[in-house]
Every structure is written in C-alpha cells, then in structure tokens.
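So this one's data-v7.cif, mmCIF, C-alpha atoms:
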```
data_entry
loop_
_atom_site.label_atom_id
_atom_site.label_comp_id
_atom_site.auth_asym_id
_atom_site.auth_seq_id
_atom_site.Cartn_x
_atom_site.Cartn_y
_atom_site.Cartn_z
CA MET G 24 -21.15 -89.86 -84.83
CA HIS G 25 -19.82 -90.58 -81.41
CA SER G 26 -18.22 -87.28 -80.53
CA PHE G 27 -19.25 -85.29 -77.54
CA GLY G 28 -20.51 -82.51 -79.78
CA TYR G 29 -22.96 -84.73 -81.63
CA ARG G 30 -24.29 -86.29 -78.49
CA ALA G 31 -24.73 -82.96 -76.73
CA ASN G 32 -26.50 -81.59 -79.81
CA SER G 33 -28.97 -84.49 -80.07
CA LEU G 34 -29.67 -84.40 -76.37
CA LEU G 35 -30.33 -80.68 -76.40
CA THR G 36 -32.64 -80.90 -79.43
CA PHE G 37 -34.59 -83.73 -77.87
CA ALA G 38 -34.90 -81.93 -74.54
CA VAL G 39 -36.11 -78.72 -76.15
CA THR G 40 -38.66 -80.60 -78.26
CA ILE G 41 -40.08 -82.36 -75.20
CA LEU G 42 -40.21 -79.06 -73.32
CA ALA G 43 -42.06 -77.40 -76.16
CA PHE G 44 -44.53 -80.28 -76.33
CA MET G 45 -45.17 -80.08 -72.59
CA CYS G 46 -45.71 -76.33 -72.76
CA ALA G 47 -48.23 -76.86 -75.52
CA ILE G 48 -50.31 -79.59 -73.87
CA VAL G 49 -50.42 -77.73 -70.58
CA SER G 50 -53.01 -75.49 -72.18
CA PHE G 51 -55.58 -78.20 -72.70
CA SER G 52 -55.92 -79.74 -69.28
CA PHE G 53 -58.24 -77.59 -67.15
CA SER G 54 -61.98 -77.99 -66.84
CA ASN G 55 -63.74 -77.65 -63.49
CA GLN G 56 -64.09 -73.91 -63.22
CA THR G 57 -67.05 -72.34 -61.48
CA PRO G 58 -66.57 -68.61 -61.14
CA SER G 59 -69.41 -66.46 -59.88
CA ALA G 60 -70.13 -62.76 -59.74
CA GLN G 61 -72.74 -60.16 -58.94
CA ILE G 62 -72.85 -56.50 -59.81
CA GLN G 63 -75.10 -53.88 -58.33
CA ILE G 64 -75.46 -50.28 -59.40
CA LEU G 65 -75.53 -48.38 -56.16
CA ASN G 66 -75.91 -44.92 -57.56
CA ILE G 67 -76.01 -42.88 -60.75
CA ASN G 68 -73.62 -40.12 -59.74
CA TRP G 69 -74.37 -37.90 -62.68
CA PHE G 70 -75.67 -38.19 -66.22
CA GLN G 71 -75.06 -35.45 -68.75
CA LYS G 72 -74.65 -34.57 -72.37
CA GLN G 73 -71.15 -33.27 -72.87
CA PRO G 74 -70.29 -30.17 -74.91
CA HIS G 75 -69.07 -32.37 -77.78
CA GLY G 76 -72.56 -33.87 -78.01
CA ASN G 77 -72.00 -37.29 -76.47
CA ASP G 78 -73.79 -38.62 -73.42
CA GLU G 79 -71.70 -39.46 -70.39
CA VAL G 80 -72.73 -41.17 -67.19
CA SER G 81 -70.89 -41.82 -63.94
CA LEU G 82 -71.98 -44.80 -61.83
CA THR G 83 -71.03 -46.28 -58.50
CA LEU G 84 -70.83 -50.04 -58.76
CA ASN G 85 -70.76 -52.75 -56.16
CA ILE G 86 -68.91 -55.77 -57.55
CA THR G 87 -68.74 -59.13 -55.79
CA ALA G 88 -66.93 -62.01 -57.41
CA ASP G 89 -65.34 -65.35 -56.70
CA LEU G 90 -62.80 -66.25 -59.37
CA GLN G 91 -60.71 -68.59 -57.25
CA SER G 92 -61.58 -71.69 -59.27
CA LEU G 93 -59.80 -70.21 -62.30
CA PHE G 94 -56.37 -70.38 -60.70
CA THR G 95 -54.11 -73.33 -61.49
CA TRP G 96 -50.39 -73.97 -61.16
CA ASN G 97 -49.96 -72.50 -64.63
CA THR G 98 -51.80 -69.24 -63.93
CA LYS G 99 -49.73 -66.08 -63.84
CA GLN G 100 -52.63 -63.70 -63.33
CA VAL G 101 -56.31 -63.24 -64.05
CA PHE G 102 -57.37 -60.00 -65.68
CA ALA G 103 -60.95 -59.19 -64.74
CA PHE G 104 -63.02 -56.35 -66.11
CA VAL G 105 -66.60 -55.14 -66.13
CA ALA G 106 -68.10 -53.80 -69.34
CA ALA G 107 -71.44 -52.22 -70.14
CA GLU G 108 -73.06 -53.57 -73.31
CA TYR G 109 -75.94 -51.91 -75.12
CA LYS G 110 -77.46 -51.25 -78.54
CA THR G 111 -78.25 -47.95 -80.17
CA SER G 112 -79.96 -47.03 -83.42
CA LYS G 113 -76.64 -46.51 -85.17
CA ASN G 114 -74.59 -49.22 -83.49
CA SER G 115 -75.59 -52.86 -83.24
CA LEU G 116 -73.21 -53.28 -80.31
CA ASN G 117 -71.43 -50.98 -77.92
CA GLN G 118 -69.11 -52.35 -75.28
CA VAL G 119 -67.58 -49.91 -72.83
CA SER G 120 -65.15 -51.11 -70.20
CA LEU G 121 -65.97 -49.53 -66.83
CA TRP G 122 -63.50 -51.11 -64.47
CA ASP G 123 -60.68 -53.62 -64.54
CA ALA G 124 -58.28 -55.25 -62.15
CA ILE G 125 -55.32 -57.57 -62.27
CA ILE G 126 -55.59 -60.47 -59.84
CA PRO G 127 -52.16 -61.94 -59.28
CA GLU G 128 -53.00 -64.65 -56.75
CA LYS G 129 -55.79 -67.00 -55.79
CA GLU G 130 -56.22 -65.34 -52.39
CA HIS G 131 -57.17 -62.05 -54.03
CA ALA G 132 -59.63 -63.68 -56.40
CA LYS G 133 -62.58 -63.61 -54.03
CA PHE G 134 -63.43 -59.96 -53.60
CA TRP G 135 -66.02 -57.31 -52.94
CA ILE G 136 -65.41 -53.81 -54.17
CA GLN G 137 -67.40 -50.61 -54.32
CA ILE G 138 -66.09 -48.01 -56.75
CA SER G 139 -67.18 -45.52 -59.31
CA ASN G 140 -66.33 -46.35 -62.90
CA LYS G 141 -62.61 -46.31 -63.57
CA TYR G 142 -63.06 -45.54 -67.26
CA ARG G 143 -65.46 -42.97 -68.62
CA PHE G 144 -68.77 -44.25 -69.91
CA ILE G 145 -69.27 -42.09 -72.97
CA ASP G 146 -71.63 -42.94 -75.80
CA GLN G 147 -71.11 -42.27 -79.50
CA GLY G 148 -74.02 -39.86 -79.59
CA TYR G 149 -76.71 -39.06 -77.08
CA ASN G 150 -78.65 -42.30 -76.86
CA LEU G 151 -78.25 -43.20 -73.21
CA ARG G 152 -81.48 -41.86 -71.74
CA ARG G 153 -83.73 -44.71 -70.65
CA LYS G 154 -81.19 -47.14 -72.11
CA ASP G 155 -81.28 -50.77 -71.01
CA PHE G 156 -77.90 -52.38 -70.80
CA ASN G 157 -76.08 -55.51 -69.66
CA LEU G 158 -73.12 -55.56 -67.34
CA THR G 159 -70.66 -58.31 -68.12
CA LEU G 160 -67.82 -59.49 -65.93
CA HIS G 161 -65.06 -60.84 -68.17
CA TRP G 162 -61.97 -62.69 -67.07
CA HIS G 163 -58.82 -63.46 -69.01
CA VAL G 164 -56.55 -66.11 -67.58
CA MET G 165 -52.92 -65.40 -68.52
CA PRO G 166 -50.78 -68.51 -68.16
CA LYS G 167 -47.16 -68.77 -67.12
CA THR G 168 -46.77 -70.35 -70.52
CA GLY G 169 -49.17 -71.50 -73.23
CA LYS G 170 -52.66 -70.70 -74.36
CA MET G 171 -54.67 -67.89 -72.82
CA PHE G 172 -58.36 -68.34 -72.36
CA ALA G 173 -61.22 -66.07 -71.47
CA ASP G 174 -64.88 -66.18 -70.60
CA LYS G 175 -67.57 -63.97 -69.11
CA ILE G 176 -70.77 -63.75 -67.09
CA VAL G 177 -73.52 -61.58 -68.54
CA MET G 178 -75.87 -59.85 -66.13
CA SER G 179 -78.81 -58.07 -67.65
CA GLY G 180 -81.59 -55.85 -66.44
CA TYR G 181 -79.79 -52.60 -65.77
CA SER G 182 -81.03 -49.30 -67.12
CA LEU G 183 -80.26 -45.62 -67.10
CA PRO G 184 -82.67 -42.87 -66.06
CA ASP G 185 -84.97 -41.02 -68.50
CA ALA G 186 -83.50 -37.62 -67.84
CA TYR G 187 -80.13 -36.04 -67.29
CA ARG G 188 -79.17 -35.25 -63.72
CA MET Q 28 -0.87 -71.28 -83.16
CA GLY Q 29 -1.29 -74.86 -84.28
CA TRP Q 30 -5.05 -74.33 -84.47
CA ILE Q 31 -4.65 -71.38 -86.81
CA GLY Q 32 -2.35 -73.45 -89.02
CA GLU Q 33 -4.93 -76.23 -89.17
CA THR Q 34 -7.72 -73.78 -90.06
CA VAL Q 35 -5.66 -72.28 -92.88
CA ASP Q 36 -4.86 -75.78 -94.14
CA SER Q 37 -8.50 -76.81 -94.13
CA ILE Q 38 -9.49 -73.66 -96.06
CA LYS Q 39 -6.80 -74.38 -98.63
CA SER Q 40 -7.96 -77.96 -99.08
CA ILE Q 41 -11.59 -77.15 -99.92
CA LYS Q 42 -12.65 -78.48 -103.26
CA ILE Q 43 -15.12 -76.59 -105.39
CA ARG Q 44 -17.71 -79.38 -105.47
CA GLN Q 45 -17.68 -79.71 -101.70
CA LEU Q 46 -18.09 -75.96 -101.32
CA LEU Q 47 -21.01 -75.91 -103.72
CA THR Q 48 -22.70 -78.81 -101.89
CA GLN Q 49 -22.37 -76.97 -98.64
CA ALA Q 50 -23.76 -73.80 -100.20
CA VAL Q 51 -26.77 -75.70 -101.54
CA THR Q 52 -27.37 -77.33 -98.14
CA LEU Q 53 -27.26 -73.95 -96.49
CA GLY Q 54 -29.67 -72.59 -99.09
CA MET Q 55 -32.04 -75.50 -98.44
CA ILE Q 56 -32.00 -74.83 -94.70
CA VAL Q 57 -32.76 -71.15 -95.20
CA THR Q 58 -35.57 -71.85 -97.67
CA SER Q 59 -37.14 -74.49 -95.41
CA ALA Q 60 -37.20 -71.92 -92.62
CA LEU Q 61 -38.87 -69.48 -94.99
CA ILE Q 62 -41.43 -72.10 -96.06
CA ILE Q 63 -42.32 -72.83 -92.45
CA TRP Q 64 -42.68 -69.12 -91.71
CA LYS Q 65 -44.95 -68.52 -94.69
CA ALA Q 66 -47.01 -71.59 -93.85
CA MET Q 67 -47.52 -70.25 -90.34
CA MET Q 68 -48.65 -66.96 -91.82
CA CYS Q 69 -51.31 -68.83 -93.81
CA VAL Q 70 -52.48 -70.94 -90.89
CA THR Q 71 -52.77 -68.10 -88.42
CA GLY Q 72 -54.18 -65.59 -90.90
CA THR Q 73 -51.82 -62.80 -89.99
CA GLU Q 74 -48.63 -61.49 -91.52
CA SER Q 75 -46.77 -61.83 -88.26
CA PRO Q 76 -47.72 -65.03 -86.47
CA VAL Q 77 -45.22 -64.38 -83.69
CA VAL Q 78 -44.26 -61.06 -82.09
CA VAL Q 79 -41.82 -60.12 -79.38
CA VAL Q 80 -43.09 -57.86 -76.59
CA LEU Q 81 -41.00 -54.70 -76.64
CA SER Q 82 -42.42 -52.50 -73.92
CA GLY Q 83 -43.65 -52.84 -70.37
CA SER Q 84 -47.13 -51.53 -71.03
CA MET Q 85 -48.79 -54.89 -70.46
CA GLU Q 86 -46.99 -55.87 -67.29
CA PRO Q 87 -47.19 -57.97 -65.22
CA ALA Q 88 -48.73 -60.31 -67.77
CA PHE Q 89 -46.31 -59.67 -70.63
CA GLN Q 90 -42.79 -58.57 -69.90
CA ARG Q 91 -40.29 -57.24 -72.39
CA GLY Q 92 -38.73 -60.22 -74.13
CA ASP Q 93 -41.76 -62.49 -74.11
CA ILE Q 94 -43.14 -64.00 -77.29
CA LEU Q 95 -46.79 -63.83 -78.26
CA PHE Q 96 -48.51 -66.16 -80.72
CA LEU Q 97 -51.06 -64.35 -82.83
CA ARG Q 98 -54.08 -65.41 -84.79
CA MET Q 99 -56.47 -63.42 -86.88
CA THR Q 100 -59.93 -64.72 -87.66
CA LYS Q 101 -63.00 -63.09 -89.11
CA ASP Q 102 -64.64 -63.11 -85.66
CA PRO Q 103 -65.73 -59.67 -84.52
CA ILE Q 104 -63.45 -57.72 -82.25
CA ARG Q 105 -64.71 -57.57 -78.68
CA THR Q 106 -63.57 -55.95 -75.45
CA GLY Q 107 -60.95 -57.76 -73.45
CA GLU Q 108 -59.15 -59.21 -76.43
CA ILE Q 109 -55.44 -58.54 -76.57
CA VAL Q 110 -54.74 -57.24 -80.04
CA VAL Q 111 -51.65 -56.29 -81.96
CA PHE Q 112 -52.04 -53.21 -84.10
CA LYS Q 113 -49.97 -50.83 -86.18
CA ILE Q 114 -50.65 -47.13 -86.46
CA ASP Q 115 -50.60 -45.74 -90.02
CA GLY Q 116 -47.17 -44.41 -90.74
CA ARG Q 117 -45.45 -46.25 -87.92
CA ASP Q 118 -43.61 -49.54 -88.12
CA ILE Q 119 -43.74 -50.85 -84.62
CA PRO Q 120 -46.62 -53.14 -83.70
CA ILE Q 121 -48.25 -52.43 -80.33
CA VAL Q 122 -49.80 -55.09 -78.13
CA HIS Q 123 -52.63 -53.76 -75.97
CA ARG Q 124 -56.07 -54.73 -74.80
CA VAL Q 125 -59.37 -53.59 -76.31
CA ILE Q 126 -61.43 -51.60 -73.81
CA GLU Q 127 -64.16 -50.18 -75.98
CA VAL Q 128 -65.99 -51.39 -79.09
CA HIS Q 129 -68.69 -49.67 -81.14
CA GLU Q 130 -69.97 -51.75 -84.04
CA ARG Q 131 -72.06 -50.11 -86.78
CA LYS Q 132 -75.33 -51.82 -87.48
CA THR Q 133 -75.36 -51.15 -91.21
CA THR Q 134 -71.78 -51.69 -92.26
CA GLY Q 135 -70.45 -53.99 -89.52
CA LYS Q 136 -67.43 -51.71 -89.19
CA VAL Q 137 -66.03 -51.25 -85.71
CA ASP Q 138 -64.51 -48.40 -83.77
CA VAL Q 139 -62.05 -49.78 -81.24
CA LEU Q 140 -60.27 -48.17 -78.31
CA THR Q 141 -57.28 -49.86 -76.71
CA LYS Q 142 -55.22 -49.47 -73.56
CA GLY Q 143 -52.17 -51.14 -72.10
CA ASP Q 144 -52.92 -52.89 -68.81
CA ASN Q 145 -50.02 -51.15 -67.10
CA ASN Q 146 -50.76 -47.68 -68.53
CA ASP Q 147 -52.90 -45.13 -66.74
CA VAL Q 148 -54.55 -43.74 -69.84
CA ASP Q 149 -56.00 -45.22 -72.99
CA ASP Q 150 -54.14 -45.23 -76.27
CA ILE Q 151 -55.63 -42.11 -77.90
CA GLY Q 152 -52.24 -40.43 -77.47
CA LEU Q 153 -50.61 -43.19 -79.49
CA TYR Q 154 -52.96 -43.06 -82.45
CA ALA Q 155 -52.27 -40.77 -85.42
CA ASP Q 156 -53.21 -37.08 -85.13
CA GLY Q 157 -56.95 -36.67 -85.09
CA GLN Q 158 -57.55 -40.40 -84.95
CA MET Q 159 -59.98 -41.36 -82.19
CA TRP Q 160 -60.53 -45.04 -82.90
CA LEU Q 161 -58.78 -48.03 -84.37
CA HIS Q 162 -60.45 -49.91 -87.18
CA ARG Q 163 -60.25 -53.50 -88.25
CA HIS Q 164 -57.58 -52.88 -90.85
CA HIS Q 165 -55.19 -51.56 -88.20
CA ILE Q 166 -55.38 -54.79 -86.26
CA MET Q 167 -52.93 -57.51 -87.24
CA GLY Q 168 -53.99 -60.25 -84.90
CA ARG Q 169 -55.15 -61.36 -81.48
CA ALA Q 170 -52.78 -62.83 -78.93
CA VAL Q 171 -53.73 -66.41 -78.18
CA GLY Q 172 -50.64 -67.89 -76.57
CA PHE Q 173 -47.50 -66.86 -74.88
CA LEU Q 174 -43.95 -68.01 -74.16
CA PRO Q 175 -41.79 -66.13 -71.66
CA TYR Q 176 -38.20 -64.91 -72.13
CA VAL Q 177 -37.58 -66.47 -75.56
CA GLY Q 178 -37.87 -63.11 -77.32
CA TRP Q 179 -34.76 -61.67 -75.65
CA VAL Q 180 -32.63 -63.17 -78.42
CA THR Q 181 -34.40 -60.96 -80.97
CA ILE Q 182 -34.24 -57.88 -78.78
CA ILE Q 183 -30.51 -58.26 -78.20
CA MET Q 184 -29.85 -58.80 -81.89
CA THR Q 185 -31.87 -55.73 -82.83
CA GLU Q 186 -30.41 -53.42 -80.24
CA LYS Q 187 -26.81 -54.53 -80.57
CA PRO Q 188 -26.41 -55.48 -84.22
CA ILE Q 189 -22.75 -56.27 -83.65
CA ILE Q 190 -23.84 -59.46 -81.90
CA LYS Q 191 -25.85 -60.44 -84.96
CA TYR Q 192 -22.82 -59.99 -87.23
CA LEU Q 193 -20.60 -61.87 -84.80
CA LEU Q 194 -23.01 -64.78 -84.69
CA ILE Q 195 -23.42 -64.95 -88.46
CA GLY Q 196 -19.66 -64.62 -88.92
CA ALA Q 197 -19.01 -67.43 -86.46
CA MET Q 198 -21.61 -69.69 -88.10
CA GLY Q 199 -20.15 -68.96 -91.53
CA LEU Q 200 -16.69 -69.84 -90.28
CA LEU Q 201 -17.98 -73.05 -88.75
CA VAL Q 202 -19.69 -74.07 -92.00
CA ILE Q 203 -16.57 -73.41 -94.05
CA THR Q 204 -14.15 -75.19 -91.77
CA SER Q 205 -16.19 -78.28 -90.96
CA LYS Q 206 -15.26 -81.32 -92.93
CA ASP Q 207 -18.71 -82.75 -93.39
#
```

Using the file provided, produce a representation of the structure as structure tokens.
Amino acid sequence: MHSFGYRANSLLTFAVTILAFMCAIVSFSFSNQTPSAQIQILNINWFQKQPHGNDEVSLTLNITADLQSLFTWNTKQVFAFVAAEYKTSKNSLNQVSLWDAIIPEKEHAKFWIQISNKYRFIDQGYNLRRKDFNLTLHWHVMPKTGKMFADKIVMSGYSLPDAYR
Amino acid sequence: MGWIGETVDSIKSIKIRQLLTQAVTLGMIVTSALIIWKAMMCVTGTESPVVVVLSGSMEPAFQRGDILFLRMTKDPIRTGEIVVFKIDGRDIPIVHRVIEVHERKTTGKVDVLTKGDNNDVDDIGLYADGQMWLHRHHIMGRAVGFLPYVGWVTIIMTEKPIIKYLLIGAMGLLVITSKD
C-alpha cells in the first residue's frame, strides 16, 4: 500500500482522469459568437446541359465574411464552405458545395474573396433553369481537443437564368 | 541471476486456488471492458463509437493517430458533416466530409458525395465500381468530438503486431508473478 509503485499508479490515474474531465468541459464554455457574411453572384459564367443529361452551371462568387469571433484558445481551425441549396420536383433538398476553405488562424478569418466555384455545380437532372436557390455559408469549428460544433448563415434570393448560355 | 531464481520460486509456489482467483479477476476485468464498450455502442447508436484516423486526407484538422468520437442519430445527413463510412466489400472505415446531398422527396433516401479536406478530388474514385453516391446505410456515424495523438497506440499495435504480443506477454507474466 505504501510502495512507490502504488503511489505512482494512483497519481497517474488521478491525473489522467482530471485531464480527461478538463478536455470534456472545455467544449461547453463558449457563447458570444457573432460571425457575419455576405455572398454576391458576380456572373453566371456558363449554364449548360451536359451530354449525360444533367444541368451544370459555373458561377463567379464574391464572398465576404468575418468569422473572427469563432476563434478561441481551443480552436485548431475553422472549416468554412459555401453551399447552394434548392428544391426540385424529384428531390426535396439538394445541397451542393461550391467552395470551401480552411482557416487556420484568427487573422485569416476576416476575408473577401472573388472566385469561380471550386466544385462543380451539377444537378441530378435538368431542373436548374429559372431555379431559385439559397446560398449558405457554413462553418465548422475544429477544436484542439473536444467537441466540434458547426453553424451556418442562410442567404436567400438567388436565382439562375431561364435559358442556357 | 537472483531475480530469475526468485521468479522461478514464485511460479513454483502458486497454489491452484490463488491461480483460479486471479484468472477470475482477469476475466472480470475483460468482461467489464466489454460491457462498457457495448454500452457505448448503444448510447452513440453506432457499432464503432470511437475510430482512429488512419490517413492524412483530413489534415490539418485530423492527423493520423487522432481519435474521433462518433454518434449516429436519425437526423438527416447534411453537407459539412464529417461522416465515417465503409464501402461495400472493404473493411476500412473512411472519415471524410459530406460535400453534396440530394434527398428524394418521396422516399427520404439520400444520395451523398464525400471528399477529404486535404484531397483535391471528391471520393468517387474510392467508391465501388459504378457507384456514384453513398447512401445512408454506408454511413456508420458522424464525428462529434476529437482527441489528438491517443490513437497512435492502436496504430503501432496494428502495424507491428510483435509489440502487441510483447505487451500481452509482459502483462501475463506480471499477473502470474505478483503475489496479490
């Protein structure tokens, strides 16, 4: 009961338990987060029906965002992405990711970027003409340790042209 | 040399009852571990509540050797979620992010496309031949929490099984030769 081995063992177990507890509660402490974002469609580059029958559109987007308030001492990175969301007659929901970025530090979290879609915007079918859709900016906060959390801003009112071009 | 003599003496002096008690204690420890594991499977709703990250396709967020805590609920699958899935016919679970979702109005079934953050292309090349989308039954869980580095123990034991045998052998020896 009083040997070095026993004492070292109890101490180690206790220390690891406390560490685990701390890692767990770290996930529940953050609240005042006020991220903001705006997305503009600058141009519809082209809009066509592909040979396999599905509509595809290429857009140039202007994305402005301020995600600095999401960063805490426990944040390893923030993964931000923009997705287009729309309904069709066959699908109650379609979500297509158009662009994403990994933000490793708070300084890079306030940004303005103008790019064409990183991932192809292809429909399951040819339903995109005159389609209204939302653009959502999602962010996933990956911690150094603990629970990950995510949220989004939904911006609506975007639509695609009536005809292919 | 004296240490070897003592070990041999202690092995000779083991009584059957003591040995059986120790065997039962060991059995109880192993079964409690199993109970806890199965209970976690029930609570999290997935058959593997904890996975070790094996590849670098989700860097810099998840490095090889990290542990992910998974949970599976009936909530619909949406873009951005980090999911763990298995391709039919392959054993290894893959942890990637969902980048596209198409949900059928009538049946509620989903077509899902995934991609590793650190990869340049989406996962179509990883799916089975002719498969274009993942479906709900491929997905084992969503990653909800994360612990760095702890998974290296599992990776080392899988890649160099000799270490596993050494460890088990050493523990067995310790159990047999300890007096209490």

* Let me know the residues the PyMOL selection byres ((chain Q) within 6 of (chain G)) catches in the file above, as a VMD selection string. => chain Q and resid 126 to 132 171 to 174

Output C-alpha atoms for every residue in the selection just made, as a PDB file, in the frame of the given file.
```
ATOM      1  CA  ILE Q 126     -61.430 -51.600 -73.810  1.00  0.00           C
ATOM      2  CA  GLU Q 127     -64.160 -50.180 -75.980  1.00  0.00           C
ATOM      3  CA  VAL Q 128     -65.990 -51.390 -79.090  1.00  0.00           C
ATOM      4  CA  HIS Q 129     -68.690 -49.670 -81.140  1.00  0.00           C
ATOM      5  CA  GLU Q 130     -69.970 -51.750 -84.040  1.00  0.00           C
ATOM      6  CA  ARG Q 131     -72.060 -50.110 -86.780  1.00  0.00           C
ATOM      7  CA  LYS Q 132     -75.330 -51.820 -87.480  1.00  0.00           C
ATOM      8  CA  VAL Q 171     -53.730 -66.410 -78.180  1.00  0.00           C
ATOM      9  CA  GLY Q 172     -50.640 -67.890 -76.570  1.00  0.00           C
ATOM     10  CA  PHE Q 173     -47.500 -66.860 -74.880  1.00  0.00           C
ATOM     11  CA  LEU Q 174     -43.950 -68.010 -74.160  1.00  0.00           C
TER      12      LEU Q 174
END
```

* Resolved residues for the PyMOL selection byres ((chain Q and resi 163) around 9) as a PyMOL selection string -> chain Q and resi 104+136-139+161-162+164-167

Save the residues we just selected, C-alpha atoms, as a PDB file, in the coordinates of the input?
```
ATOM      1  CA  ILE Q 104     -63.450 -57.720 -82.250  1.00  0.00           C
ATOM      2  CA  LYS Q 136     -67.430 -51.710 -89.190  1.00  0.00           C
ATOM      3  CA  VAL Q 137     -66.030 -51.250 -85.710  1.00  0.00           C
ATOM      4  CA  ASP Q 138     -64.510 -48.400 -83.770  1.00  0.00           C
ATOM      5  CA  VAL Q 139     -62.050 -49.780 -81.240  1.00  0.00           C
ATOM      6  CA  LEU Q 161     -58.780 -48.030 -84.370  1.00  0.00           C
ATOM      7  CA  HIS Q 162     -60.450 -49.910 -87.180  1.00  0.00           C
ATOM      8  CA  HIS Q 164     -57.580 -52.880 -90.850  1.00  0.00           C
ATOM      9  CA  HIS Q 165     -55.190 -51.560 -88.200  1.00  0.00           C
ATOM     10  CA  ILE Q 166     -55.380 -54.790 -86.260  1.00  0.00           C
ATOM     11  CA  MET Q 167     -52.930 -57.510 -87.240  1.00  0.00           C
TER      12      MET Q 167
END
```

* Structure fact -> Among Q:Val177, Q:Ala155, Q:Met99, Q:Ala170, Q:Thr73 is approached most closely, using only C-alpha atoms, by Q:Met99

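Here atom CA of G:Trp96 is placed at a distance of 18.7 Å from atom CA of Q:Tyr176.
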
* To do: Considering only C-alpha atoms, state which residue in the set G:Gln91, G:Thr159, G:Asn85, G:Asn32 is at the smallest distance from G:Lys175.
  =>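 Smallest distance to G:Lys175 is found for G:Thr159.
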
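Atom pair atom CA of G:Ile138 / atom CA of G:Arg153 has a distance of 22.7 Å (rounded to one decimal).
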
Can you turn the PyMOL selection byres ((chain Q and resi 112) around 12) into a concrete residue list for this file, as a compact mmCIF listing (two decimals) with C-alpha atoms, in the coordinates of the input?
```txt
# COMPACT_ATOMS: atom_id res chain seq x y z
CA THR Q 73 -51.82 -62.80 -89.99
CA GLU Q 74 -48.63 -61.49 -91.52
CA SER Q 75 -46.77 -61.83 -88.26
CA VAL Q 78 -44.26 -61.06 -82.09
CA LEU Q 97 -51.06 -64.35 -82.83
CA MET Q 99 -56.47 -63.42 -86.88
CA ILE Q 109 -55.44 -58.54 -76.57
CA VAL Q 110 -54.74 -57.24 -80.04
CA VAL Q 111 -51.65 -56.29 -81.96
CA LYS Q 113 -49.97 -50.83 -86.18
CA ILE Q 114 -50.65 -47.13 -86.46
CA ASP Q 115 -50.60 -45.74 -90.02
CA ARG Q 117 -45.45 -46.25 -87.92
CA ASP Q 118 -43.61 -49.54 -88.12
CA ILE Q 119 -43.74 -50.85 -84.62
CA PRO Q 120 -46.62 -53.14 -83.70
CA ILE Q 121 -48.25 -52.43 -80.33
CA VAL Q 122 -49.80 -55.09 -78.13
CA HIS Q 123 -52.63 -53.76 -75.97
CA ARG Q 124 -56.07 -54.73 -74.80
CA VAL Q 125 -59.37 -53.59 -76.31
CA VAL Q 139 -62.05 -49.78 -81.24
CA LEU Q 140 -60.27 -48.17 -78.31
CA THR Q 141 -57.28 -49.86 -76.71
CA LYS Q 142 -55.22 -49.47 -73.56
CA ASP Q 150 -54.14 -45.23 -76.27
CA LEU Q 153 -50.61 -43.19 -79.49
CA TYR Q 154 -52.96 -43.06 -82.45
CA TRP Q 160 -60.53 -45.04 -82.90
CA LEU Q 161 -58.78 -48.03 -84.37
CA HIS Q 162 -60.45 -49.91 -87.18
CA ARG Q 163 -60.25 -53.50 -88.25
CA HIS Q 164 -57.58 -52.88 -90.85
CA HIS Q 165 -55.19 -51.56 -88.20
CA ILE Q 166 -55.38 -54.79 -86.26
CA MET Q 167 -52.93 -57.51 -87.24
CA GLY Q 168 -53.99 -60.25 -84.90
CA ARG Q 169 -55.15 -61.36 -81.48
CA ALA Q 170 -52.78 -62.83 -78.93
```

* **Pick from Q:Arg98, Q:Met55, Q:Ile151, Q:Glu108 nearest to Q:Cys69, counting all atoms listed in the file** =>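 Closest to Q:Cys69 of all the choices is Q:Arg98.
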
* Asked: If you measure from atom CA of Q:Gly178 to atom CA of Q:Phe89, what distance in Å do you get, rounded to one decimal?
  ->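 The value is 11.3 Å.
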
For stretch 61-79 of chain Q, what centre and edge lengths in Å (one decimal) does the axis-aligned box get once 5 Å is added on each side of all its listed atoms, as JSON?
```
{"center_x": -46.5, "center_y": -66.5, "center_z": -87.7, "size_x": 25.3, "size_y": 22.7, "size_z": 26.7}
```

* Asked: Hey, which of G:Ile136, G:Ile48, G:Met178, G:Ala38 ends up closest to G:Asn157? Count only C-alpha atoms.
  -> G:Met178

* **Test item: residues at most 8 Å from G:Asp155, only C-alpha atoms, excluding those fewer than 6 positions along its chain, as a PyMOL selection string** => chain G and resi 109+180-183

* Asked: Pick the closest to G:Gly76 from G:Leu151, G:Val39, G:Leu90, G:Ala132: which is it, counting only C-alpha atoms?
  ->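 The shortest atom-to-atom distance to G:Gly76 comes from G:Leu151.
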
* Asked: Could you name the residues that touch G:Trp69 at 9 Å or less, counting only C-alpha atoms, but leaving out those on the same chain fewer than 5 positions away, as a PyMOL selection string?
  -> chain G and resi 79-82+187-188
